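Enquirer: Pasting a structure here, questions to come.
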Amino acid sequence: MIIKKISAVLTAALMSISLAYTVNADATAVGDDVKYTVEFRDYDGNLIMTQILAQNEAIDYSLIDTSSDTFNKNITKNTEIRFSSWSYNGDYAPGNITIYALFQRATISLDSTPERSEFYSKTGNINLDGLNVSILLETQTAKKDSDDQFIIESQEFNISSTCYTVPASLDSAFKDSDSSSVEIYPPNSNIPIYTYDITYYNELGDYNSDSTADATDASSILSYYANVSTGLKPEITARQKKNADVNLDGVIDATDASLVLNFYALNATGAKPQWEELLLKLK
C-alpha cells in the first residue's frame, strides 16, 4: 500500500518520540494482588478492549489485530488511513492506563494533468509531461499539544514520476483504434487519480495531405516561412497549419521544414522513424 512504502521514511523519527498516554495511578486491589486496568481505544476514542492485569503481568498487544479493516481503510477515493503505533508501547502498565491507536493518513492530490492528449506515433510511452501528483502523509505522534490532542506531523511528496498508466504504452492504447481512454494510477494503488482520452494523429509533417511526409512537404513549409518572413500573407488552411508545425511550438519556420526533411531521409533508408521519438530528442 502507499503508506507502507512511505512510512519507512518516518520510522526513525517516530522511534525517538516521547510517548503520551492516560494513566490513572489508582489501582484495583483484589485480595493481596494489585490489578491494573488497561484500556485500548481506536482513533476516535472508542473502546476496543480492556485488559485487567496483575502488577507484574505484561500487556498483551497481540490480542488486537491492527492489520484489520478497523485500523486500515480508505476514507475517500484518494485518502487512506493505516495503523501507525500505540500511544504507549511499554511491556508493563505503570498504573491504570488508556492506550490509543495512532494513525498514518495519506491523501493524494492531482495538482495538474498531462499537457498532451494527441500523439503522432502508435509506439512508445504515453507522454505524461505536465502531470503533477503529490501525496500528503500525516502521522499522528504520541506527543500531545496544549489541548491534550495528539500532535500530527506532516510531510508532502511529489509522486508524479512514479505514477503509471493503463494502457501502459501507445502500442497498447492504439492497438485497435486511433483513440483510447487512459487511466493514471499513483504507485501501489488500484484506484486511478485521473482518466482522460488520447488520440492518434497521422498527418504531422504532411503539408499537402498525400499521406506521406517527404521533401515536397519540407519544401512547401520552407516556402510558406519565406513568404511570411518577407511580410506576405500566404494562404494556409487550418489543417496545413497543424501539419506544418512539426515541433509544436506554435510557429511554422525553417526548423519545421528541417524536421520533415530529416524524417523523410530516415524513412528513405528504411529506418521507420517515429515522430514521438524525434520530438523527444528536441527536449
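We label chains A, B, ... in the order they appear in the C-alpha cells, count residues from 1 in each chain, and number ligands from 1 in the order shown.
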Please produce, as JSON lines, a per-residue contact table for stretch 56-132 of chain A versus stretch 231-255 of chain A (criterion: any atom at most 12 Å away, only C-alpha atoms considered), showing the nearest atom pair and its distance in Å to one decimal, sorted by chain then residue number.
Expert:
```
{"residue": "A:Arg116", "atom": "CA", "partner": "A:Leu248", "partner_atom": "CA", "distance": 10.9}
{"residue": "A:Glu118", "atom": "CA", "partner": "A:Leu248", "partner_atom": "CA", "distance": 11.3}
{"residue": "A:Phe119", "atom": "CA", "partner": "A:Leu248", "partner_atom": "CA", "distance": 11.4}
{"residue": "A:Tyr120", "atom": "CA", "partner": "A:Val246", "partner_atom": "CA", "distance": 10.0}
```
Enquirer: Would you mind writing down, as a PyMOL selection string, each residue of stretch 7-189 of chain A that DSSP on the backbone assigns to strand (DSSP E or B)?
Expert: chain A and resi 22-24+28-30+33-41+47-54+73-76+79-86+96-112+118-119+132-144+150-158+164-166+179-185
Enquirer: Distance table requested - stretch 145-194 of chain A against stretch 63-84 of chain A, cut-off 12 Å, only C-alpha atoms: one row per qualifying residue with the closest atom pair and its distance in Å to one decimal, ordered by chain and rising residue number, as a tab-separated table.
Expert:
```
residue	atom	partner	partner_atom	distance
A:Ile152	CA	A:Ser84	CA	11.8
A:Tyr185	CA	A:Asn78	CA	10.8
A:Pro186	CA	A:Asn78	CA	9.7
A:Ser189	CA	A:Asn78	CA	9.8
A:Asn190	CA	A:Lys77	CA	10.5
A:Ile191	CA	A:Lys77	CA	7.3
A:Pro192	CA	A:Lys77	CA	8.9
A:Ile193	CA	A:Asn78	CA	7.5
A:Tyr194	CA	A:Asn78	CA	10.9
```
Enquirer: Quick one: DSSP alpha helix (DSSP H) residues in stretch 13-252 of chain A, as a list in words?
Expert: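 Result set for stretch 13-252 of chain A (alpha helix (DSSP H)): Ala13, Leu14, Met15, Leu170, Asp171, Ser172, Ala173, Ala215, Thr216, Asp217, Ala218, Ser219, Ser220, Ile221, Leu222, Ser223, Tyr224, Tyr225, Ala226, Asn227, Val228, Ser229, Ala238, Arg239, Gln240, Lys241, Lys242, Asn243 and Ala244 of chain A.
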Enquirer: Got a sec: who's within 6 Å of stretch 126-137 of chain A, counting only C-alpha atoms, leaving out chain neighbours fewer than 4 positions off, as a list in words?
Expert: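 Final neighbour list, sorted by chain and number: Arg105, Ala106, Thr107, Ile108, Ser109, Leu110, Asp111, Ser112, Thr113, Pro114, Glu115, Ser154, Gln155, Glu156, Phe157, Asn158, Ile159, Ser160, Ser169 and Leu170 of chain A.
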Enquirer: What's the separation between atom CA of A:Ile52 and atom CA of A:Thr37, in Å to one decimal place?
Expert: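 Computed distance, atom CA of A:Ile52 to atom CA of A:Thr37, equals 4.7 Å.
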Enquirer: Of the candidates A:Asn96, A:Asn89, A:Ala226, A:Ile184, which shows the shortest atom-to-atom distance to A:Ser161, using only C-alpha atoms?
Expert: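 For A:Ser161, the nearest of the candidates is A:Ile184.
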Enquirer: For atom CA of A:Ile198 and atom CA of A:Asp210, quote the distance in Å rounded to one decimal.
Expert: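 These atoms are spaced 24.0 Å apart.
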Enquirer: Within 7 Å of stretch 262-279 of chain A, counting only C-alpha atoms, which residues show up once you throw out same-chain ones fewer than 2 positions away? Write them as a CSV table (one decimal) with N, CA, C and O atoms, in the first residue's frame, please.
Expert:
```csv
chain,number,residue,atom,x,y,z
A,120,TYR,N,1.5,11.3,-32.2
A,120,TYR,CA,1.8,11.3,-33.6
A,120,TYR,C,2.5,10.0,-34.0
A,120,TYR,O,3.0,9.8,-35.1
A,121,SER,N,2.5,9.0,-33.1
A,121,SER,CA,3.1,7.7,-33.3
A,121,SER,C,2.2,6.7,-32.6
A,121,SER,O,1.5,7.1,-31.6
A,213,ALA,N,5.0,12.3,-45.4
A,213,ALA,CA,5.8,13.4,-45.1
A,213,ALA,C,7.1,13.3,-45.8
A,213,ALA,O,8.0,12.4,-45.5
A,214,ASP,N,7.4,14.1,-46.8
A,214,ASP,CA,8.5,14.0,-47.6
A,214,ASP,C,9.2,15.3,-48.0
A,214,ASP,O,8.8,16.4,-47.4
A,215,ALA,N,10.1,15.3,-49.0
A,215,ALA,CA,10.8,16.5,-49.4
A,215,ALA,C,9.9,17.6,-49.9
A,215,ALA,O,10.1,18.8,-49.8
A,247,ASN,N,7.3,20.8,-34.7
A,247,ASN,CA,7.8,20.8,-33.3
A,247,ASN,C,6.9,21.4,-32.3
A,247,ASN,O,7.2,21.5,-31.1
A,258,SER,N,13.1,21.5,-41.7
A,258,SER,CA,14.3,20.6,-41.5
A,258,SER,C,13.9,19.3,-40.8
A,258,SER,O,14.4,18.3,-41.2
A,259,LEU,N,12.9,19.3,-39.9
A,259,LEU,CA,12.5,18.1,-39.2
A,259,LEU,C,11.8,17.2,-40.2
A,259,LEU,O,12.0,16.0,-40.2
A,260,VAL,N,11.0,17.8,-41.1
A,260,VAL,CA,10.2,17.0,-42.1
A,260,VAL,C,11.3,16.3,-43.0
A,260,VAL,O,11.1,15.1,-43.4
A,281,LYS,N,13.7,14.0,-28.8
A,281,LYS,CA,15.1,14.4,-28.9
A,281,LYS,C,15.3,15.9,-28.9
A,281,LYS,O,16.4,16.4,-28.7
A,282,LEU,N,14.2,16.7,-29.2
A,282,LEU,CA,14.3,18.1,-29.2
A,282,LEU,C,14.3,18.7,-27.8
A,282,LEU,O,14.7,19.9,-27.7
```
Enquirer: Have a look at atom CA of A:Glu138 and atom CA of A:Thr50 and let me know their distance in Å, one decimal.
Expert: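 Taking atom CA of A:Glu138 and atom CA of A:Thr50, their separation equals 28.1 Å.
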